[in-house]
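J.: One file: input_30.tsv (TSV, C-alpha atoms and all ligand atoms).
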chain	number	residue	atom	x	y	z
Y	829	MET	CA	-149.09	-30.55	159.60
Y	830	LEU	CA	-147.47	-27.19	160.28
Y	831	LYS	CA	-148.26	-24.78	157.53
Y	832	SER	CA	-145.64	-22.24	156.64
Y	833	PHE	CA	-146.72	-18.69	157.44
Y	834	MET	CA	-149.42	-19.91	159.85
Y	835	PRO	CA	-148.78	-19.68	163.60
Y	836	ILE	CA	-148.30	-22.71	165.85
Y	837	ARG	CA	-151.56	-23.11	167.76
Y	838	LYS	CA	-151.31	-24.14	171.41
Y	839	ASN	CA	-153.06	-27.47	170.94
Y	840	GLU	CA	-150.84	-28.21	167.96
Y	841	GLU	CA	-147.47	-27.84	169.71
Y	842	PRO	CA	-145.17	-30.17	167.81
Y	843	LYS	CA	-143.38	-32.95	169.69
Y	844	SER	CA	-139.59	-32.86	169.50
Y	845	ASN	CA	-139.46	-35.77	167.04
Y	846	GLU	CA	-141.89	-33.93	164.76
Y	847	ILE	CA	-139.67	-30.85	164.80
Y	848	THR	CA	-136.70	-32.92	163.65
Y	849	ASP	CA	-138.83	-34.36	160.90
Y	850	LYS	CA	-139.88	-30.90	159.81
Y	851	GLU	CA	-136.28	-29.68	159.71
Y	852	LEU	CA	-135.28	-32.66	157.63
Y	853	TYR	CA	-138.24	-32.01	155.38
Y	854	LEU	CA	-137.32	-28.35	154.98
Y	855	ASN	CA	-133.69	-29.17	154.23
Y	856	ARG	CA	-134.82	-31.70	151.65
Y	857	ARG	CA	-137.22	-29.16	150.16
Y	858	GLU	CA	-134.47	-26.54	150.02
Y	859	PHE	CA	-132.20	-29.08	148.39
Y	860	ILE	CA	-134.81	-29.86	145.78
Y	861	ILE	CA	-135.37	-26.18	145.05
Y	862	SER	CA	-131.63	-25.56	144.88
Y	863	ALA	CA	-131.11	-28.48	142.55
Y	864	ALA	CA	-133.96	-27.28	140.39
Y	865	ALA	CA	-132.46	-23.81	140.25
Y	866	LEU	CA	-129.15	-25.16	139.07
Y	867	ALA	CA	-130.25	-27.87	136.71
Y	868	LEU	CA	-133.59	-27.18	135.08
Y	869	PRO	CA	-133.68	-25.80	131.57
Y	870	ILE	CA	-135.55	-22.54	131.01
Y	871	LYS	CA	-138.74	-23.20	129.09
Y	872	SER	CA	-141.77	-21.02	128.65
Y	873	ASP	CA	-144.75	-20.37	126.45
Y	874	GLY	CA	-145.40	-16.85	127.73
Y	875	LYS	CA	-146.07	-13.80	125.58
Y	876	LYS	CA	-143.04	-11.51	125.10
Y	877	LEU	CA	-143.25	-7.94	126.35
Y	878	ASN	CA	-141.62	-4.77	125.00
Y	879	PHE	CA	-139.46	-3.04	127.56
Y	880	THR	CA	-136.19	-1.30	128.21
Y	881	LYS	CA	-133.69	-2.56	130.79
Y	882	ASN	CA	-133.22	-0.35	133.82
Y	883	GLN	CA	-129.58	-1.18	134.65
Y	884	GLU	CA	-129.28	1.51	137.27
Y	885	LEU	CA	-131.94	-0.01	139.50
Y	886	SER	CA	-130.98	-3.63	138.78
Y	887	THR	CA	-128.70	-5.94	140.72
Y	888	ASN	CA	-126.19	-7.89	138.66
Y	889	GLU	CA	-126.35	-10.89	141.01
Y	890	GLY	CA	-127.16	-14.20	139.32
Y	891	GLN	CA	-130.82	-14.54	138.45
Y	892	THR	CA	-132.90	-17.38	139.86
Y	893	SER	CA	-134.08	-19.86	137.23
Y	894	SER	CA	-137.47	-18.90	135.80
Y	895	ASP	CA	-138.62	-22.48	136.36
Y	896	VAL	CA	-138.24	-22.07	140.10
Y	897	VAL	CA	-139.87	-18.64	140.18
Y	898	SER	CA	-142.91	-19.90	138.27
Y	899	ASN	CA	-143.27	-23.31	139.97
Y	900	TYR	CA	-142.64	-22.50	143.64
Y	901	ASN	CA	-145.16	-19.92	144.79
Y	902	ASN	CA	-147.11	-18.43	147.65
Y	903	PHE	CA	-150.67	-17.63	146.59
Y	904	TYR	CA	-153.17	-18.64	149.27
Y	905	GLU	CA	-156.15	-17.87	147.02
Y	906	PHE	CA	-155.26	-21.13	145.29
Y	907	SER	CA	-153.54	-23.23	147.93
Y	908	THR	CA	-151.40	-23.09	151.03
Y	909	GLY	CA	-149.00	-25.39	149.18
Y	910	LYS	CA	-146.25	-24.05	146.95
Y	911	THR	CA	-145.91	-26.43	144.04
Y	912	ASP	CA	-149.61	-26.97	143.25
Y	913	ILE	CA	-150.38	-23.30	142.58
Y	914	VAL	CA	-149.06	-23.39	139.04
Y	915	ASP	CA	-151.79	-25.90	138.11
Y	916	LEU	CA	-154.58	-24.48	140.23
Y	917	ALA	CA	-154.05	-20.97	138.81
Y	918	LYS	CA	-154.15	-22.10	135.16
Y	919	ASN	CA	-157.79	-21.18	134.67
Y	920	LEU	CA	-157.70	-17.72	136.20
Y	921	HIS	CA	-159.12	-15.35	133.57
Y	922	THR	CA	-156.84	-12.34	133.38
Y	923	HIS	CA	-158.47	-10.83	130.28
Y	924	PRO	CA	-160.56	-8.77	130.34
Y	925	TRP	CA	-159.39	-7.39	133.71
Y	926	SER	CA	-160.16	-4.05	135.21
Y	927	ILE	CA	-158.48	-2.22	138.04
Y	928	SER	CA	-160.40	0.42	139.94
Y	929	VAL	CA	-158.26	3.30	141.18
Y	930	GLU	CA	-160.25	5.23	143.76
Y	931	GLY	CA	-160.37	7.02	147.10
Y	932	LEU	CA	-158.78	10.35	148.01
Y	933	ILE	CA	-157.68	11.35	144.50
Y	934	ASN	CA	-158.81	13.91	141.94
Y	935	ASN	CA	-158.66	11.46	139.08
Y	936	PRO	CA	-160.47	8.21	140.02
Y	937	LYS	CA	-160.85	5.77	137.15
Y	938	GLY	CA	-161.47	2.14	136.24
Y	939	TYR	CA	-158.61	1.01	133.99
Y	940	ASP	CA	-158.68	-1.92	131.64
Y	941	ILE	CA	-155.36	-3.71	132.11
Y	942	ASP	CA	-154.31	-3.33	128.46
Y	943	GLU	CA	-155.19	0.37	128.53
Y	944	LEU	CA	-153.23	0.82	131.76
Y	945	LEU	CA	-150.13	-0.90	130.40
Y	946	LYS	CA	-150.15	1.39	127.34
Y	947	LEU	CA	-149.94	4.49	129.55
Y	948	PHE	CA	-146.49	3.78	130.96
Y	949	PRO	CA	-143.36	2.49	129.23
Y	950	LEU	CA	-142.38	-0.90	130.65
Y	951	GLU	CA	-138.93	-1.51	132.05
Y	952	GLU	CA	-137.07	-4.53	133.34
Y	953	ARG	CA	-135.60	-4.39	136.82
Y	954	VAL	CA	-133.68	-7.22	138.41
Y	955	TYR	CA	-134.48	-7.17	142.11
Y	956	ARG	CA	-133.61	-9.28	145.12
Y	957	PHE	CA	-136.78	-10.87	146.53
Y	958	ARG	CA	-136.80	-12.00	150.19
Y	959	CYS	CA	-139.57	-14.11	151.69
Y	960	VAL	CA	-140.12	-13.99	155.45
Y	961	GLU	CA	-139.87	-17.80	155.44
Y	962	GLY	CA	-136.12	-17.45	154.86
Y	963	TRP	CA	-135.61	-18.01	151.13
Y	964	SER	CA	-134.60	-15.43	148.61
Y	965	MET	CA	-134.45	-15.15	144.85
Y	966	VAL	CA	-133.23	-12.70	142.20
Y	967	ILE	CA	-136.01	-11.93	139.73
Y	968	PRO	CA	-136.12	-9.84	136.55
Y	969	TRP	CA	-139.49	-8.10	136.76
Y	970	VAL	CA	-141.07	-6.14	133.92
Y	971	GLY	CA	-143.34	-3.30	134.95
Y	972	PHE	CA	-143.74	0.41	135.52
Y	973	PRO	CA	-143.04	2.56	138.59
Y	974	LEU	CA	-146.11	2.82	140.82
Y	975	ALA	CA	-145.16	6.50	141.28
Y	976	GLU	CA	-146.21	7.18	137.66
Y	977	LEU	CA	-149.72	5.89	138.32
Y	978	VAL	CA	-149.92	7.69	141.67
Y	979	LYS	CA	-149.01	11.04	140.04
Y	980	ARG	CA	-151.62	10.51	137.35
Y	981	CYS	CA	-154.28	9.97	140.04
Y	982	GLN	CA	-153.51	13.32	141.71
Y	983	PRO	CA	-153.76	12.33	145.37
Y	984	GLN	CA	-155.49	14.81	147.66
Y	985	THR	CA	-153.56	16.18	150.64
Y	986	SER	CA	-155.53	13.92	153.00
Y	987	ALA	CA	-154.30	10.74	151.20
Y	988	ARG	CA	-151.55	9.15	153.32
Y	989	TYR	CA	-151.68	5.46	152.41
Y	990	VAL	CA	-152.41	3.31	149.39
Y	991	GLU	CA	-154.36	0.09	149.73
Y	992	PHE	CA	-154.16	-2.76	147.18
Y	993	VAL	CA	-156.84	-5.43	146.89
Y	994	THR	CA	-156.67	-8.82	145.13
Y	995	LEU	CA	-159.55	-10.31	143.15
Y	996	LEU	CA	-162.30	-11.92	145.24
Y	997	ASP	CA	-163.80	-14.80	143.27
Y	998	ALA	CA	-163.94	-18.20	144.96
Y	999	LYS	CA	-165.07	-19.82	141.68
Y	1000	GLN	CA	-161.75	-18.99	140.10
Y	1001	MET	CA	-159.69	-18.99	143.28
Y	1002	PRO	CA	-160.62	-22.16	145.15
Y	1003	GLY	CA	-158.47	-21.31	148.18
Y	1004	GLN	CA	-160.95	-18.55	148.97
Y	1005	LYS	CA	-163.50	-21.24	149.92
Y	1006	SER	CA	-161.36	-21.86	152.99
Y	1007	ALA	CA	-161.16	-19.42	155.89
Y	1008	VAL	CA	-157.38	-19.76	156.11
Y	1009	LEU	CA	-157.17	-15.98	155.60
Y	1010	PRO	CA	-159.84	-13.26	155.49
Y	1011	TRP	CA	-160.54	-12.52	151.83
Y	1012	PRO	CA	-159.83	-10.59	149.72
Y	1013	TYR	CA	-156.06	-10.32	150.28
Y	1014	VAL	CA	-155.22	-6.70	151.09
Y	1015	GLU	CA	-151.87	-4.95	151.30
Y	1016	GLY	CA	-150.84	-1.36	151.81
Y	1017	LEU	CA	-148.03	1.16	151.59
Y	1018	ARG	CA	-147.49	4.61	153.01
Y	1019	LEU	CA	-147.82	7.20	150.24
Y	1020	ASP	CA	-144.08	8.00	150.30
Y	1021	GLU	CA	-143.29	4.28	149.94
Y	1022	ALA	CA	-145.70	4.07	147.01
Y	1023	LEU	CA	-143.95	7.05	145.42
Y	1024	HIS	CA	-140.47	5.61	145.91
Y	1025	PRO	CA	-138.72	5.00	142.55
Y	1026	LEU	CA	-137.99	1.34	143.46
Y	1027	THR	CA	-141.67	0.45	143.93
Y	1028	LEU	CA	-142.87	-1.39	140.86
Y	1029	MET	CA	-146.17	-2.55	139.39
Y	1030	ALA	CA	-145.14	-5.75	137.64
Y	1031	ALA	CA	-146.89	-7.14	134.58
Y	1032	GLY	CA	-144.12	-9.54	133.58
Y	1033	ILE	CA	-141.11	-11.62	134.56
Y	1034	TYR	CA	-138.19	-12.88	132.47
Y	1035	GLY	CA	-139.31	-10.65	129.60
Y	1036	GLU	CA	-142.74	-12.26	129.34
Y	1037	VAL	CA	-146.27	-11.65	130.56
Y	1038	LEU	CA	-146.62	-12.58	134.24
Y	1039	PRO	CA	-147.76	-16.19	134.70
Y	1040	ASN	CA	-151.04	-16.51	136.64
Y	1041	GLN	CA	-149.32	-18.13	139.63
Y	1042	ASN	CA	-147.03	-15.10	139.97
Y	1043	GLY	CA	-149.95	-12.67	140.20
Y	1044	ALA	CA	-151.19	-11.90	136.68
Y	1045	PRO	CA	-152.12	-9.56	135.28
Y	1046	LEU	CA	-150.64	-6.99	137.68
Y	1047	ARG	CA	-148.91	-7.25	141.06
Y	1048	LEU	CA	-146.93	-5.06	143.38
Y	1049	VAL	CA	-143.17	-5.49	143.93
Y	1050	VAL	CA	-141.47	-3.67	146.82
Y	1051	PRO	CA	-137.93	-5.06	146.91
Y	1052	TRP	CA	-136.89	-3.83	150.37
Y	1053	LYS	CA	-139.90	-5.49	152.03
Y	1054	TYR	CA	-140.72	-9.15	152.71
Y	1055	GLY	CA	-142.49	-10.93	149.87
Y	1056	PHE	CA	-145.94	-10.93	151.45
Y	1057	LYS	CA	-146.25	-7.17	150.73
Y	1058	SER	CA	-146.06	-7.98	146.99
Y	1059	VAL	CA	-149.80	-8.42	146.54
Y	1060	LYS	CA	-150.90	-10.31	143.43
Y	1061	SER	CA	-153.72	-10.07	140.85
Y	1062	ILE	CA	-154.78	-6.57	141.92
Y	1063	VAL	CA	-158.32	-5.32	141.14
Y	1064	LYS	CA	-158.45	-2.23	143.33
Y	1065	ILE	CA	-156.02	0.53	144.36
Y	1066	ARG	CA	-157.47	2.87	146.96
Y	1067	PHE	CA	-155.99	6.05	148.43
Y	1068	VAL	CA	-156.89	6.41	152.09
Y	1069	GLN	CA	-156.13	8.51	155.13
Y	1070	LYS	CA	-155.69	5.75	157.72
Y	1071	GLN	CA	-153.23	2.86	157.67
Y	1072	PRO	CA	-155.02	0.02	155.83
Y	1073	GLN	CA	-155.90	-3.23	157.59
Y	1074	THR	CA	-153.58	-5.56	155.72
Y	1075	THR	CA	-154.25	-9.29	155.55
Y	1076	TRP	CA	-151.29	-10.81	157.38
Y	1077	ASN	CA	-151.00	-7.96	159.87
Y	1078	ALA	CA	-154.70	-8.26	160.73
Y	1079	THR	CA	-154.53	-12.08	160.95
Y	1080	ILE	CA	-151.38	-12.47	163.09
Y	1081	PRO	CA	-150.30	-9.00	164.24
Y	1082	GLY	CA	-147.53	-10.34	166.51
Y	1083	GLU	CA	-145.82	-11.97	163.53
Y	1084	TYR	CA	-146.47	-9.73	160.54
Y	1085	GLY	CA	-146.17	-5.98	160.83
Y	1086	PHE	CA	-147.57	-3.39	158.46
Y	1087	TYR	CA	-144.12	-2.22	157.38
Y	1088	ALA	CA	-142.50	-5.64	156.83
Y	1089	ASN	CA	-139.14	-4.09	155.93
Y	1090	VAL	CA	-136.44	-6.73	155.54
Y	1091	ASN	CA	-134.43	-6.40	158.74
Y	1092	PRO	CA	-131.84	-8.96	159.88
Y	1093	GLN	CA	-131.94	-7.52	163.41
Y	1094	VAL	CA	-135.65	-8.04	163.98
Y	1095	SER	CA	-136.59	-11.70	164.09
Y	1096	HIS	CA	-139.97	-13.08	163.21
Y	1097	PRO	CA	-141.15	-15.01	166.33
Y	1098	ARG	CA	-140.61	-18.32	164.53
Y	1099	TRP	CA	-137.80	-17.51	162.11
Y	1100	SER	CA	-134.59	-15.55	162.68
Y	1101	GLN	CA	-134.25	-13.10	159.80
Y	1102	ALA	CA	-130.45	-12.83	160.15
Y	1103	LYS	CA	-129.70	-15.23	157.30
Y	1104	GLU	CA	-131.40	-16.47	154.17
Y	1105	ARG	CA	-131.13	-19.27	151.68
Y	1106	ARG	CA	-130.71	-17.88	148.15
Y	1107	VAL	CA	-132.47	-20.45	146.00
Y	1108	GLY	CA	-129.81	-22.30	144.05
Y	1109	GLU	CA	-127.13	-21.90	146.73
Y	1110	PHE	CA	-126.17	-24.39	149.43
Y	1111	LEU	CA	-124.74	-22.09	152.10
Y	1112	LYS	CA	-126.91	-19.51	153.79
Y	1113	ARG	CA	-125.95	-15.88	153.31
Y	1114	ASP	CA	-126.39	-12.89	155.60
Y	1115	THR	CA	-129.61	-10.99	155.09
Y	1116	LEU	CA	-128.96	-7.32	154.35
Y	1117	MET	CA	-130.76	-4.40	155.97
Y	1118	PHE	CA	-133.69	-3.39	153.74
Y	1119	ASN	CA	-132.71	-6.36	151.57
Y	1120	GLY	CA	-129.65	-4.47	150.35
Y	1121	TYR	CA	-131.61	-1.33	149.40
Y	1122	ALA	CA	-130.70	0.70	152.53
Y	1123	ALA	CA	-128.91	3.44	150.58
Y	1124	GLN	CA	-132.10	4.13	148.64
Y	1125	VAL	CA	-134.80	3.67	151.32
Y	1126	ALA	CA	-133.38	4.08	154.85
Y	1127	ASP	CA	-134.35	7.77	154.78
Y	1128	LEU	CA	-138.02	6.82	154.73
Y	1129	TYR	CA	-137.74	5.39	158.25
Y	1130	THR	CA	-135.25	7.60	160.12
Y	1131	ALA	CA	-137.71	8.75	162.78
Y	1132	MET	CA	-139.10	5.26	163.44
Y	1133	ASP	CA	-138.31	2.51	165.93
Y	1134	LEU	CA	-138.05	-0.45	163.57
Y	1135	THR	CA	-138.34	-3.00	166.37
Y	1136	LYS	CA	-141.83	-1.67	167.09
Y	1137	ASN	CA	-142.72	-0.85	163.49
Y	1138	PHE	CA	-141.64	-4.22	162.07
Y	1201	LIG	N1	-150.75	-12.03	147.04
Y	1201	LIG	C1	-151.94	-12.65	147.21
Y	1201	LIG	N2	-153.02	-12.10	146.68
Y	1201	LIG	N3	-152.06	-13.81	147.89
Y	1201	LIG	C2	-150.97	-14.42	148.48
Y	1201	LIG	O1	-151.13	-15.48	149.13
Y	1201	LIG	N4	-148.56	-14.29	148.92
Y	1201	LIG	C3	-147.47	-13.35	149.16
Y	1201	LIG	C4	-147.19	-12.47	147.95
Y	1201	LIG	N5	-148.43	-11.97	147.37
Y	1201	LIG	C5	-149.70	-13.79	148.33
Y	1201	LIG	C6	-149.63	-12.59	147.57
Y	1201	LIG	C7	-146.24	-14.00	149.58
Y	1201	LIG	S1	-146.24	-14.65	151.13
Y	1201	LIG	C8	-145.12	-14.06	148.79
Y	1201	LIG	S2	-143.65	-14.65	149.40
Y	1201	LIG	C9	-145.17	-13.66	147.38
Y	1201	LIG	O2	-146.48	-13.24	146.98
Y	1201	LIG	C10	-144.75	-14.82	146.51
Y	1201	LIG	O3	-144.68	-14.42	145.17
Y	1201	LIG	P1	-144.25	-15.47	144.05
Y	1201	LIG	O4	-145.14	-16.68	144.19
Y	1201	LIG	O5	-144.42	-14.79	142.75
Y	1201	LIG	O6	-142.81	-15.83	144.34
Please rewrite the model in this file as structure tokens.
T.:
Amino acid sequence: MLKSFMPIRKNEEPKSNEITDKELYLNRREFIISAAALALPIKSDGKKLNFTKNQELSTNEGQTSSDVVSNYNNFYEFSTGKTDIVDLAKNLHTHPWSISVEGLINNPKGYDIDELLKLFPLEERVYRFRCVEGWSMVIPWVGFPLAELVKRCQPQTSARYVEFVTLLDAKQMPGQKSAVLPWPYVEGLRLDEALHPLTLMAAGIYGEVLPNQNGAPLRLVVPWKYGFKSVKSIVKIRFVQKQPQTTWNATIPGEYGFYANVNPQVSHPRWSQAKERRVGEFLKRDTLMFNGYAAQVADLYTAMDLTKNF
């Protein structure tokens, strides 16, 4: 079976009838997700968080149902499926949880998650979220700006990138027993991207503590980049001089770049990025440059050829 995100291997070239089947399957899957987004009631047993709403940085587009956001996931540490992650992630222990902040900074420290969340006031931001697979959602995240943590660390002048590392524990994360990806999952940002006011460390969604399947207890959210940059269940944040080796970029460099900025003009080799299916809608909509955040972030990339730095 073709796995989403994974490349087509030469000896696995699908026959034309299989491609039709896959398209039908995808349409059916999209239909199911759309129907779920429209019809399912919102239910939750999550713990409520205290936060203020950041209207200025929020879109007022219709929010995707929380049932879809917490039942349809990408989290390869548990499974390459999407709908089984919610169950497989149930037993992940997110307390106690410590996050080591280290590297080229004057203030390295291991933070307990509860201690870390007390340092910065939490705010809600409703962001568009675009997956490279072609679906998009609108999600109300609760978190704090990564820039606040970066400033507290006092980066040294040699620090140019920030690397984020997910927990490595195959006992709790059964997907790590498979070599589908090199573990642990690693992502990275340039320091100016990490300092951008839109870049969020999320500890919650829909006003409640982040469910395990969405990356508890702390994940990254970078709304102008494809979803795979939003690394989940972070245990280490490291300031480095060289561009980090990030998981998808290292695994399939021709398909997943380091920057991963949403760009309708640069297609993924297997998926055009020109349009997207907003979960809950039937017609596809045009994908916007930088996922609609061009006014805020285009300046970061003026000197770069975005077809090469995809
Ligand atoms: N982080 C880790 N550690 N492992 C993953 O497999 N998948 C990424 C990203 N972060 C992933 C991850 C991808 S491909 C996407 S689209 C988003 O998480 C999905 O986030 P969601 O399940 O909360 O919608």
J.: Could you please determine the separation between atom CA of Tyr955 of chain Y and atom CA of Ile1033 of chain Y in Å, to one decimal place?
T.: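 Atom CA of Ile1033 of chain Y lies at a distance of 11.0 Å from atom CA of Tyr955 of chain Y.
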J.: With all atoms listed in the file as the atoms that count, which of Y:Phe957, Y:Trp1099, Y:Phe1118, Y:Trp925 lies nearest to Ile1062 of chain Y?
T.: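 Smallest separation from Ile1062 of chain Y among the options: Y:Trp925.
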J.: For ligand LIG 1201 (chain Y), which residue out of Y:Thr1075, Y:Gln1093, Y:Thr994, Y:Asn888 is the nearest one, using all atoms listed in the file?
T.: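 Smallest distance to ligand LIG 1201 (chain Y) is found for Y:Thr994.
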J.: For a test of reading the model, state the distance in Å between atom CA of Pro968 of chain Y and atom CA of Glu1036 of chain Y, rounded to one decimal.
T.: 10.1 Å
J.: Once you count all atoms listed in the file, which residues end up within 9 Å of ligand LIG 1201 (chain Y), and could you hand them over as number ranges by chain?
T.: Y: 833, 896-908, 910, 913, 957-961, 963, 965, 993-995, 1009, 1012-1015, 1039, 1041-1043, 1047-1049, 1054-1062, 1076
J.: Which residue gives the smallest distance to Pro1002 of chain Y among Y:Gln1124, Y:Thr887, Y:Asn919, Y:Asn1137, with all atoms listed in the file counted?
T.: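 Nearest candidate to Pro1002 of chain Y out of Y:Gln1124, Y:Thr887, Y:Asn919, Y:Asn1137: Y:Asn919.
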